[in-house]
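Source file: structure-v5.tsv. Holds: TSV, C-alpha atoms.
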```tsv
chain	number	residue	atom	x	y	z
A	25	MET	CA	0.00	0.00	0.00
A	26	ALA	CA	1.37	3.41	-0.93
A	27	ILE	CA	2.07	5.73	1.98
A	28	ARG	CA	1.11	9.36	1.41
A	29	ARG	CA	3.20	11.96	3.18
A	30	ARG	CA	1.03	14.55	4.94
A	31	ARG	CA	1.67	18.07	3.72
A	32	SER	CA	2.79	20.43	6.43
A	33	VAL	CA	0.99	23.71	7.05
A	34	PHE	CA	4.12	25.48	5.76
A	35	ASP	CA	3.82	23.69	2.38
A	36	ILE	CA	0.20	24.77	2.12
A	37	VAL	CA	1.00	28.41	3.01
A	38	ASN	CA	3.92	28.41	0.56
A	39	GLU	CA	1.71	27.07	-2.23
A	40	TYR	CA	-0.89	29.71	-1.45
A	41	PHE	CA	1.66	32.53	-1.74
A	42	ASP	CA	3.06	30.99	-4.93
A	43	SER	CA	-0.40	30.96	-6.52
A	44	VAL	CA	-1.05	34.59	-5.43
A	45	GLU	CA	2.32	35.59	-6.89
A	46	GLU	CA	1.50	33.80	-10.16
A	47	TRP	CA	-1.91	35.45	-10.36
A	48	ALA	CA	-0.36	38.90	-9.72
A	49	GLU	CA	2.18	38.29	-12.45
A	50	HIS	CA	-0.50	37.36	-15.01
A	51	PHE	CA	-2.59	40.34	-13.93
A	52	GLU	CA	0.35	42.71	-14.35
A	53	GLU	CA	1.24	41.26	-17.76
A	54	SER	CA	-2.32	41.62	-19.02
A	55	LEU	CA	-2.87	45.17	-17.80
A	56	MET	CA	0.50	46.86	-17.69
A	57	GLU	CA	2.00	47.72	-21.06
A	58	LYS	CA	5.71	48.33	-20.80
A	59	PRO	CA	8.49	48.71	-23.35
A	60	SER	CA	10.77	45.82	-24.17
A	61	TRP	CA	13.80	47.98	-23.46
A	62	ASN	CA	15.21	49.99	-20.57
A	63	GLN	CA	17.12	53.16	-21.40
A	64	LYS	CA	18.57	53.48	-17.89
A	65	THR	CA	20.12	50.04	-17.82
A	66	CYS	CA	20.81	50.04	-21.60
A	67	ALA	CA	19.15	46.62	-21.77
A	68	PHE	CA	16.67	44.89	-24.07
A	69	GLU	CA	14.16	42.50	-22.59
A	70	PRO	CA	14.33	39.21	-24.53
A	71	LEU	CA	11.46	37.01	-25.69
A	72	ARG	CA	11.24	33.88	-23.58
A	73	ASP	CA	9.17	30.80	-22.91
A	74	VAL	CA	8.76	28.20	-20.15
A	75	THR	CA	7.75	24.56	-20.64
A	76	VAL	CA	7.06	22.26	-17.69
A	77	THR	CA	7.62	18.55	-18.29
A	78	PRO	CA	7.26	15.74	-15.73
A	79	ASN	CA	10.99	15.75	-15.02
A	80	GLU	CA	12.23	19.23	-15.73
A	81	VAL	CA	11.42	22.82	-16.55
A	82	LEU	CA	12.76	23.99	-19.88
A	83	VAL	CA	13.25	27.72	-20.34
A	84	THR	CA	14.17	29.17	-23.71
A	85	VAL	CA	15.26	32.76	-24.30
A	86	ASP	CA	15.84	34.38	-27.69
A	87	LEU	CA	19.13	36.30	-27.56
A	88	PRO	CA	20.02	37.47	-31.07
A	89	LEU	CA	23.32	39.33	-31.59
A	90	THR	CA	24.63	37.92	-28.31
A	91	GLU	CA	28.18	36.98	-27.34
A	92	GLU	CA	27.33	33.45	-26.29
A	93	ASN	CA	30.19	33.20	-23.75
A	94	THR	CA	28.78	36.17	-21.81
A	95	VAL	CA	25.41	34.56	-21.04
A	96	LYS	CA	24.75	34.40	-17.28
A	97	VAL	CA	21.90	32.45	-15.70
A	98	GLU	CA	21.63	32.88	-11.95
A	99	PRO	CA	19.01	31.85	-9.40
A	100	ALA	CA	17.29	34.86	-7.82
A	101	GLY	CA	15.37	33.40	-4.93
A	102	LYS	CA	13.88	29.93	-4.82
A	103	ASN	CA	11.88	30.14	-8.02
A	104	TRP	CA	13.24	33.06	-9.99
A	105	LEU	CA	16.00	33.21	-12.58
A	106	ASP	CA	18.04	36.24	-13.52
A	107	ILE	CA	19.35	36.14	-17.09
A	108	THR	CA	21.85	38.54	-18.65
A	109	ALA	CA	23.85	38.48	-21.86
A	110	LYS	CA	26.16	40.95	-23.53
A	111	MET	CA	25.54	41.82	-27.15
A	112	LYS	CA	28.16	41.64	-29.89
A	113	ARG	CA	27.81	45.36	-30.53
A	114	LYS	CA	25.95	48.43	-29.34
A	115	VAL	CA	22.53	48.85	-30.92
A	116	LYS	CA	21.03	52.33	-31.19
A	117	PHE	CA	17.40	53.33	-31.62
A	118	GLU	CA	18.37	55.00	-34.92
A	119	GLU	CA	19.00	51.55	-36.40
A	120	PHE	CA	15.29	50.87	-36.10
A	121	GLY	CA	14.46	54.24	-37.68
A	122	ILE	CA	13.46	55.65	-34.29
A	123	THR	CA	14.51	59.24	-33.67
A	124	HIS	CA	12.14	60.24	-30.86
A	125	HIS	CA	13.99	58.13	-28.28
A	126	LYS	CA	17.70	58.31	-27.59
A	127	GLY	CA	19.81	55.51	-26.24
A	128	GLU	CA	21.96	52.57	-27.02
A	129	PHE	CA	21.75	49.00	-25.84
A	130	GLN	CA	24.42	46.45	-25.19
A	131	THR	CA	22.81	43.83	-23.01
A	132	PHE	CA	19.79	41.59	-22.67
A	133	HIS	CA	18.30	41.25	-19.23
A	134	CYS	CA	15.22	39.61	-17.75
A	135	GLN	CA	13.96	37.90	-14.64
A	136	MET	CA	11.72	34.89	-14.90
A	137	ARG	CA	9.51	33.12	-12.45
A	138	ILE	CA	9.62	29.31	-12.57
A	139	PRO	CA	6.08	28.01	-12.05
A	140	VAL	CA	6.96	24.78	-10.16
A	141	GLN	CA	9.59	23.81	-7.59
A	142	VAL	CA	12.97	23.01	-9.15
A	143	GLN	CA	16.49	22.12	-8.08
A	144	MET	CA	18.17	25.44	-8.78
A	145	ASP	CA	21.59	24.06	-7.87
A	146	LYS	CA	21.35	21.60	-10.76
A	147	LEU	CA	20.45	24.06	-13.50
A	148	HIS	CA	22.41	23.80	-16.71
A	149	PHE	CA	22.18	25.72	-19.94
A	150	ARG	CA	23.47	25.97	-23.48
A	151	CYS	CA	23.28	28.66	-26.11
A	152	LYS	CA	23.01	27.79	-29.77
A	153	LYS	CA	22.63	30.33	-32.58
A	154	GLY	CA	21.49	32.92	-30.05
A	155	LEU	CA	18.84	30.72	-28.47
A	156	LEU	CA	19.42	30.04	-24.79
A	157	GLU	CA	18.08	26.76	-23.42
A	158	ILE	CA	17.98	26.33	-19.62
A	159	HIS	CA	17.22	22.95	-18.04
A	160	LEU	CA	16.01	22.83	-14.44
A	161	PRO	CA	15.33	19.39	-12.89
A	162	ARG	CA	12.07	19.38	-10.93
A	163	LYS	CA	12.02	18.71	-7.19
A	164	ASN	CA	10.48	15.40	-6.22
A	165	THR	CA	7.21	16.09	-4.46
B	30	MET	CA	-20.54	52.16	-45.75
B	31	SER	CA	-18.73	48.82	-45.95
B	32	GLU	CA	-16.87	47.93	-42.78
B	33	VAL	CA	-13.67	47.20	-44.70
B	34	LYS	CA	-12.50	49.19	-47.72
B	35	ILE	CA	-9.47	48.76	-49.95
B	36	VAL	CA	-8.25	52.18	-51.06
B	37	GLU	CA	-6.20	52.14	-54.26
B	38	LYS	CA	-3.30	54.56	-54.66
B	39	GLY	CA	-2.42	54.10	-58.29
B	40	LYS	CA	-2.47	51.79	-61.29
B	41	ILE	CA	-2.69	48.15	-60.31
B	42	ALA	CA	-1.60	45.29	-62.55
B	43	VAL	CA	-4.25	42.68	-63.31
B	44	GLY	CA	-3.83	38.92	-63.73
B	45	THR	CA	-0.89	38.66	-61.32
B	46	THR	CA	-0.18	36.40	-58.34
B	47	MET	CA	-1.37	37.76	-54.99
B	48	LEU	CA	0.68	36.95	-51.90
B	49	PHE	CA	-0.18	37.35	-48.22
B	50	GLY	CA	2.23	37.88	-45.31
B	51	PHE	CA	0.49	38.25	-41.95
B	52	PRO	CA	1.85	38.07	-38.39
B	53	ASP	CA	1.70	34.47	-37.24
B	54	VAL	CA	3.97	31.80	-35.75
B	55	GLY	CA	7.64	32.76	-36.10
B	56	LEU	CA	6.54	35.88	-38.04
B	57	VAL	CA	7.47	33.82	-41.10
B	58	GLY	CA	5.02	35.55	-43.45
B	59	VAL	CA	5.87	39.10	-42.36
B	60	ILE	CA	9.64	38.54	-42.54
B	61	ALA	CA	9.30	36.93	-45.98
B	62	ALA	CA	7.02	39.76	-47.16
B	63	SER	CA	9.42	42.46	-45.94
B	64	HIS	CA	12.24	40.76	-47.80
B	65	LEU	CA	10.16	40.56	-50.99
B	66	ILE	CA	9.22	44.26	-50.76
B	67	GLU	CA	12.85	45.28	-50.36
B	68	GLU	CA	14.33	42.89	-52.91
B	69	MET	CA	11.70	43.37	-55.62
B	70	ASN	CA	11.33	47.12	-55.03
B	71	LEU	CA	7.60	46.72	-54.54
B	72	THR	CA	5.65	49.94	-54.00
B	73	GLU	CA	2.49	50.54	-52.02
B	74	VAL	CA	-0.45	50.32	-54.43
B	75	ALA	CA	-3.37	50.12	-51.99
B	76	TYR	CA	-4.22	49.99	-48.32
B	77	LEU	CA	-6.95	48.66	-46.11
B	78	ASP	CA	-9.20	51.12	-44.32
B	79	SER	CA	-11.58	49.89	-41.65
B	80	VAL	CA	-13.24	50.93	-38.42
B	81	LEU	CA	-12.72	47.34	-37.29
B	82	LEU	CA	-8.97	47.88	-37.01
B	83	PRO	CA	-7.57	49.14	-33.71
B	84	PRO	CA	-7.02	52.95	-33.61
B	85	LEU	CA	-3.51	52.52	-34.94
B	86	ILE	CA	-1.41	54.01	-37.73
B	87	VAL	CA	2.13	53.20	-38.75
B	88	LEU	CA	4.35	56.23	-39.24
B	89	HIS	CA	6.89	56.06	-42.05
B	90	GLU	CA	9.01	59.18	-42.52
B	91	GLY	CA	6.50	61.13	-40.46
B	92	LEU	CA	3.47	60.18	-42.55
B	93	PRO	CA	0.56	57.94	-41.53
B	94	HIS	CA	0.01	54.55	-43.13
B	95	SER	CA	-2.52	51.81	-42.60
B	96	PRO	CA	-1.05	48.78	-40.81
B	97	ILE	CA	-2.44	46.60	-43.62
B	98	ARG	CA	-1.13	47.53	-47.04
B	99	ILE	CA	-0.85	46.03	-50.50
B	100	PHE	CA	2.42	46.34	-52.36
B	101	GLY	CA	2.99	45.40	-55.96
B	102	ASN	CA	4.69	45.59	-59.33
B	103	ASN	CA	3.69	44.27	-62.76
B	104	ASN	CA	4.02	40.64	-61.68
B	105	MET	CA	2.70	40.40	-58.16
B	106	LEU	CA	0.59	41.88	-55.42
B	107	LEU	CA	1.53	41.41	-51.79
B	108	ALA	CA	-0.79	42.08	-48.85
B	109	VAL	CA	1.11	42.55	-45.60
B	110	SER	CA	0.14	43.54	-42.09
B	111	GLU	CA	2.44	45.27	-39.64
B	112	THR	CA	0.19	44.44	-36.71
B	113	PRO	CA	-1.34	41.09	-35.70
B	114	LEU	CA	-5.04	40.71	-36.44
B	115	ALA	CA	-7.43	40.02	-33.58
B	116	ALA	CA	-9.55	36.89	-34.12
B	117	GLU	CA	-12.81	38.85	-34.51
B	118	ILE	CA	-11.61	40.91	-37.48
B	119	ILE	CA	-9.88	38.15	-39.46
B	120	TYR	CA	-12.99	37.17	-41.45
B	121	PRO	CA	-14.00	40.66	-42.67
B	122	VAL	CA	-10.41	41.67	-43.41
B	123	MET	CA	-9.57	38.50	-45.36
B	124	TYR	CA	-12.89	38.52	-47.24
B	125	ALA	CA	-12.26	42.13	-48.32
B	126	LEU	CA	-8.73	41.36	-49.50
B	127	ILE	CA	-9.87	38.27	-51.42
B	128	ASP	CA	-12.76	40.14	-53.07
B	129	TRP	CA	-10.36	42.90	-54.06
B	130	GLY	CA	-7.90	40.35	-55.46
B	131	ARG	CA	-10.72	38.77	-57.49
B	132	SER	CA	-11.56	42.20	-58.91
B	133	LYS	CA	-7.95	42.33	-60.16
B	134	ASN	CA	-8.31	38.88	-61.76
B	135	VAL	CA	-5.40	37.47	-59.80
B	136	LYS	CA	-4.40	34.08	-61.19
B	137	MET	CA	-3.39	32.58	-57.85
B	138	MET	CA	-3.33	33.53	-54.17
B	139	ILE	CA	-0.51	32.30	-51.96
B	140	SER	CA	-0.22	32.82	-48.23
B	141	LEU	CA	3.27	32.64	-46.72
B	142	SER	CA	3.33	31.33	-43.19
B	143	GLY	CA	4.85	28.90	-40.72
B	144	ILE	CA	4.07	25.73	-38.86
B	145	PRO	CA	5.64	25.31	-35.43
B	146	VAL	CA	7.90	22.36	-34.82
B	147	GLN	CA	9.18	21.01	-31.49
B	148	ASP	CA	12.92	21.24	-30.84
B	149	ARG	CA	13.19	23.78	-33.66
B	150	GLN	CA	16.58	24.89	-32.29
B	151	ASP	CA	18.02	21.46	-33.11
B	152	ALA	CA	16.49	21.21	-36.59
B	153	THR	CA	19.13	21.31	-39.30
B	154	GLU	CA	16.68	21.23	-42.19
B	155	LEU	CA	13.32	23.00	-42.23
B	156	LYS	CA	10.59	21.46	-44.35
B	157	VAL	CA	8.01	23.46	-46.29
B	158	PHE	CA	4.47	22.13	-46.59
B	159	ALA	CA	1.54	23.22	-48.74
B	160	ALA	CA	-2.21	23.13	-48.41
B	161	GLY	CA	-4.41	23.97	-51.38
B	162	SER	CA	-7.84	25.27	-52.26
B	163	SER	CA	-8.45	22.40	-54.69
B	164	PRO	CA	-7.01	19.02	-55.73
B	165	GLU	CA	-5.52	20.75	-58.80
B	166	MET	CA	-3.61	23.19	-56.57
B	167	LEU	CA	-2.25	20.30	-54.52
B	168	LYS	CA	-1.02	18.72	-57.75
B	169	VAL	CA	0.72	21.98	-58.64
B	170	ALA	CA	2.50	22.01	-55.27
B	171	GLU	CA	3.44	18.32	-55.48
B	172	SER	CA	4.71	18.64	-59.03
B	173	LYS	CA	7.08	21.39	-57.83
B	174	GLY	CA	8.40	19.21	-55.02
B	175	VAL	CA	6.50	20.78	-52.12
B	176	GLU	CA	5.15	18.28	-49.60
B	177	ILE	CA	1.41	18.37	-48.84
B	178	LEU	CA	0.14	18.99	-45.31
B	179	GLY	CA	-2.37	16.17	-45.27
B	180	GLU	CA	-4.31	16.31	-42.01
B	181	GLY	CA	-4.55	18.82	-39.22
B	182	TYR	CA	-6.03	22.09	-38.06
B	183	MET	CA	-5.15	25.54	-39.32
B	184	VAL	CA	-5.92	28.70	-37.38
B	185	GLY	CA	-5.56	32.33	-38.44
B	186	PRO	CA	-5.78	34.57	-41.51
B	187	GLN	CA	-4.39	31.91	-43.86
B	188	ALA	CA	-7.07	29.44	-42.74
B	189	VAL	CA	-9.80	31.92	-43.69
B	190	MET	CA	-8.04	32.71	-46.96
B	191	LEU	CA	-7.86	29.06	-48.01
B	192	GLN	CA	-11.44	28.30	-47.05
B	193	GLN	CA	-12.82	31.36	-48.85
B	194	CYS	CA	-10.77	30.71	-51.99
B	195	ALA	CA	-11.97	27.08	-52.01
B	196	LYS	CA	-15.55	28.32	-51.72
B	197	LEU	CA	-15.14	30.84	-54.54
B	198	GLY	CA	-13.16	28.47	-56.78
B	199	LEU	CA	-10.04	30.64	-56.71
B	200	PRO	CA	-6.69	28.87	-57.08
B	201	ALA	CA	-4.89	29.26	-53.76
B	202	LEU	CA	-2.07	27.74	-51.74
B	203	ILE	CA	-0.67	28.16	-48.28
B	204	LEU	CA	3.04	27.60	-47.90
B	205	LEU	CA	4.11	26.73	-44.37
B	206	ALA	CA	7.74	26.47	-43.27
B	207	GLN	CA	8.63	24.65	-40.07
B	208	CYS	CA	9.49	27.30	-37.50
B	209	PHE	CA	9.63	28.48	-33.90
B	210	TYR	CA	6.22	29.15	-32.38
B	211	ASN	CA	7.19	32.11	-30.20
B	212	TYR	CA	10.35	33.53	-31.74
B	213	PRO	CA	10.89	35.41	-35.02
B	214	ASP	CA	12.35	32.91	-37.47
B	215	PRO	CA	14.20	34.40	-40.48
B	216	GLU	CA	15.56	30.95	-41.44
B	217	ALA	CA	12.01	29.67	-41.80
B	218	ALA	CA	11.13	32.79	-43.83
B	219	ALA	CA	14.03	31.94	-46.16
B	220	GLU	CA	12.67	28.39	-46.57
B	221	VAL	CA	9.15	29.60	-47.37
B	222	LEU	CA	10.62	31.92	-50.01
B	223	LYS	CA	12.41	28.94	-51.55
B	224	GLY	CA	9.02	27.20	-51.67
B	225	LEU	CA	7.51	30.27	-53.31
B	226	GLU	CA	10.25	30.23	-55.92
B	227	LYS	CA	9.49	26.60	-56.75
B	228	ILE	CA	5.81	27.34	-57.25
B	229	THR	CA	5.91	30.74	-58.96
B	230	GLY	CA	9.48	31.33	-60.11
B	231	ILE	CA	9.65	34.49	-57.97
B	232	LYS	CA	13.31	34.53	-56.97
B	233	THR	CA	14.98	36.60	-54.26
B	234	ASP	CA	18.44	36.68	-52.71
B	235	ILE	CA	17.91	34.40	-49.71
B	236	ALA	CA	21.53	34.79	-48.53
B	237	LYS	CA	20.85	38.48	-47.88
B	238	LEU	CA	17.90	37.58	-45.66
B	239	LEU	CA	19.93	35.04	-43.70
B	240	GLU	CA	22.80	37.53	-43.26
B	241	LYS	CA	20.42	39.96	-41.57
B	242	GLY	CA	18.81	37.19	-39.51
B	243	GLU	CA	19.98	38.29	-36.07
B	244	GLU	CA	19.10	41.95	-36.70
B	245	ILE	CA	15.63	40.87	-37.86
B	246	ARG	CA	15.14	38.77	-34.71
B	247	LEU	CA	16.10	41.76	-32.57
B	248	LYS	CA	13.85	44.17	-34.44
B	249	ALA	CA	10.86	41.81	-34.55
B	250	ARG	CA	10.62	41.16	-30.78
B	251	ASP	CA	7.77	43.56	-30.12
B	252	VAL	CA	5.62	42.44	-33.07
B	253	MET	CA	6.26	38.83	-32.04
B	254	LYS	CA	5.14	39.55	-28.47
B	255	ARG	CA	1.88	41.13	-29.64
B	256	THR	CA	1.37	38.32	-32.14
B	257	GLN	CA	1.71	35.77	-29.31
B	258	GLN	CA	-1.10	37.53	-27.44
B	259	GLU	CA	-3.40	37.45	-30.48
B	260	MET	CA	-2.49	33.84	-31.26
B	261	SER	CA	-3.50	32.70	-27.81
B	262	GLY	CA	-6.77	34.66	-28.24
B	263	MET	CA	-7.59	32.74	-31.43
B	264	LYS	CA	-6.55	29.36	-29.96
B	265	LYS	CA	-3.62	28.98	-32.32
B	266	GLY	CA	-2.40	26.08	-30.21
B	267	GLN	CA	-5.14	23.99	-31.81
B	268	GLU	CA	-2.75	23.50	-34.73
B	269	TYR	CA	-0.90	21.03	-32.48
B	270	ASP	CA	-4.10	18.99	-31.96
B	271	ILE	CA	-4.63	15.58	-33.47
B	272	PRO	CA	-7.79	15.84	-35.59
B	273	LEU	CA	-10.75	13.52	-35.25
B	274	TYR	CA	-12.38	13.01	-38.60
B	275	VAL	CA	-15.97	11.84	-38.72
B	276	SER	CA	-16.58	10.22	-42.06
```
Have the structure of the file written as structure tokens, please.
Amino acid sequence: MAIRRRRSVFDIVNEYFDSVEEWAEHFEESLMEKPSWNQKTCAFEPLRDVTVTPNEVLVTVDLPLTEENTVKVEPAGKNWLDITAKMKRKVKFEEFGITHHKGEFQTFHCQMRIPVQVQMDKLHFRCKKGLLEIHLPRKNT
Amino acid sequence: MSEVKIVEKGKIAVGTTMLFGFPDVGLVGVIAASHLIEEMNLTEVAYLDSVLLPPLIVLHEGLPHSPIRIFGNNNMLLAVSETPLAAEIIYPVMYALIDWGRSKNVKMMISLSGIPVQDRQDATELKVFAAGSSPEMLKVAESKGVEILGEGYMVGPQAVMLQQCAKLGLPALILLAQCFYNYPDPEAAAEVLKGLEKITGIKTDIAKLLEKGEEIRLKARDVMKRTQQEMSGMKKGQEYDIPLYVS
């Protein structure tokens, strides 16, 4: 007969806060329009995607014009990732035909929330043709 | 007043091929269309005017333009949108464009688009598939070496285009290159243009497109992000579904 471990009250409270955090994130994304660049930090925000499989979480991030050896993926808290990458060259607004904003960009930066519990210490990643692929093994529940 | 109007800006060639490049998976159609406009020196010959569109203009050199425009020369017409279409306006917009194309006696309509593939980043070769408005059009595609997309669902402007052309008896094809779902994919755009060349003989310098690939991916991030939002609104993910045919 299988033995089920009883969930502690802390697990339940943690899950509750996780779901509130997730809801707030979706709410913010749907209502708050923000640019995909930050003039102050000279950074572009990359396109990204998260896929949850039974064994791992796969995160992909599109990083065109990136120096692949400068890509950094660091845990930021128990279920957040901080991703930065340096670009091969500075990119100015003028290159996109934009003259009403001033600024130049040399990095990609974003923070991502991982929707399930993972083993952050076992994360590994690779970058191929400017597409970053991060693998995070899931925690056994 | 009709809800959707096509406003002509000059002389328009008749009896040509009409192409469509709309924001969709991997922005394949839009990237391919932009390359065609630049390479073939296509000029704006008409634009779409409608109260159904969002209150949006595209500024080019300080002047307002419709986000949906038709470019052309003596051999082709190309309808392209610089903004993704919301699900509720796809039917009226596509019907208006097809009716307008019919009024110009276009000999064939071809939509350039993509079909998402898993593990795209590891794919070394991207296939191009075709779907047609009639068995004859499928034969045309097959005879030119383009594989047929046999079974499945299709969601978006190209789906409406193919269905309407089939209904009206207009020769039409959709060319779909395997691509990323969520990321701009210039390599897939290059493949779909190779497919277009096989079918129509319209030839462009693909190497130039591939050279600019990373710049295109950088520039296309915002359009891709908005396209993702519209795609989830129209249940684009249904294209992954396994169909159940009731015979």
Can you write out as a tab-separated table which residues of chain B fall within 10 Å of chain A, alongside each residue's closest atom pair and its distance in Å to one decimal, counting all atoms listed in the file and ordering rows by chain and ascending residue number?
```
residue	atom	partner	partner_atom	distance
B:His89	CA	A:Gly121	CA	8.9
B:Glu90	CA	A:Gly121	CA	8.8
B:Gln150	CA	A:Leu155	CA	7.3
B:Asp151	CA	A:Lys152	CA	8.7
B:Asn211	CA	A:Asp73	CA	7.7
B:Tyr212	CA	A:Asp86	CA	6.9
B:Pro213	CA	A:Asp86	CA	8.9
B:Gly242	CA	A:Pro88	CA	8.5
B:Glu243	CA	A:Pro88	CA	5.1
B:Glu244	CA	A:Leu89	CA	7.1
B:Ile245	CA	A:Pro88	CA	8.8
B:Arg246	CA	A:Pro88	CA	6.2
B:Leu247	CA	A:Pro88	CA	6.0
B:Lys248	CA	A:Phe120	CA	7.1
B:Arg250	CA	A:Leu71	CA	6.6
B:Asp251	CA	A:Ser60	CA	7.0
B:Met253	CA	A:Leu71	CA	8.4
B:Lys254	CA	A:Leu71	CA	7.4
B:Gln258	CA	A:Ser54	CA	9.4
```
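You will find CA of Val74 in chain B at 26.2 Å from CA of Ser162 in chain B.
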From the options B:Met260, B:Ile60, B:Val189, B:Met137, which residue's atoms come nearest to Asn104 in chain B, counting all atoms listed in the file?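 The closest residue to Asn104 in chain B is B:Met137.
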All residues 7 Å or closer to Ile97 in chain B, only C-alpha atoms, same chain fewer than 4 positions away omitted, as a ChimeraX atom specification: /B:76-77,109-111
Calculated over only C-alpha atoms, which of the candidates A:Lys102, A:Phe117, A:Lys112, A:Thr75 has the smallest distance to Lys163 in chain A?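 For Lys163 in chain A, the nearest of the candidates is A:Lys102.
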Please list as a ChimeraX atom specification every residue within 7 Å of Leu82 in chain A, counting all atoms listed in the file and excluding residues in the same chain fewer than 6 positions away. /A:74-76,157-160
Compare B:Pro272, B:Pro96, B:Pro215, B:Cys208 by their minimum atom-to-atom distance to Pro145 in chain B, counting only C-alpha atoms, and give me the closest one.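 Of B:Pro272, B:Pro96, B:Pro215, B:Cys208, the one nearest Pro145 in chain B is B:Cys208, counting only C-alpha atoms.
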Distance query Val135 in chain B at most 8 Å, all atoms listed in the file, self and fewer than 5 positions along chain excluded, as a ChimeraX atom specification: /B:43-47,130
Å distance separating CA of Asn103 in chain B from CA of Leu167 in chain B, one decimal place: 26.0 Å
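Distance annotation: of B:Ile127, B:Leu65, B:Leu204, B:Ile119, the residue with the minimal separation from Lys237 in chain B is B:Leu65; atom set is all atoms listed in the file.
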A:Asp35, A:Thr131, A:Asn164, A:Gln143: which is nearest Met111 in chain A, counting only C-alpha atoms?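 Closest candidate: A:Thr131.
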Closest to Ser79 in chain B among B:Gly39, B:Pro121, B:Pro93, B:Gly224, using all atoms listed in the file?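 Checking each candidate against Ser79 in chain B, we get B:Pro121 as the closest.
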From (4.5, 22.6, -49.1), in the file's coordinates, out to 8 Å: which residues are reached, counting all atoms listed in the file? Answer as a list of chain:residue names. B:Lys156, B:Val157, B:Phe158, B:Ala159, B:Ala160, B:Ala170, B:Glu171, B:Gly174, B:Val175, B:Glu176, B:Ile177, B:Leu178, B:Ile203, B:Leu204, B:Leu205, B:Ala206, B:Gly224
note - CA of Leu199 in chain B and CA of Glu165 in chain B are separated by 11.1 Å
For Glu73 in chain B: contacts at 8 Å, only C-alpha atoms, fewer than 6 positions along chain excluded, given as a tab-separated table (two decimals) with C-alpha atoms, in the frame of the given file:
```tsv
chain	number	residue	atom	x	y	z
B	38	LYS	CA	-3.30	54.56	-54.66
B	98	ARG	CA	-1.13	47.53	-47.04
B	99	ILE	CA	-0.85	46.03	-50.50
B	100	PHE	CA	2.42	46.34	-52.36
B	101	GLY	CA	2.99	45.40	-55.96
```
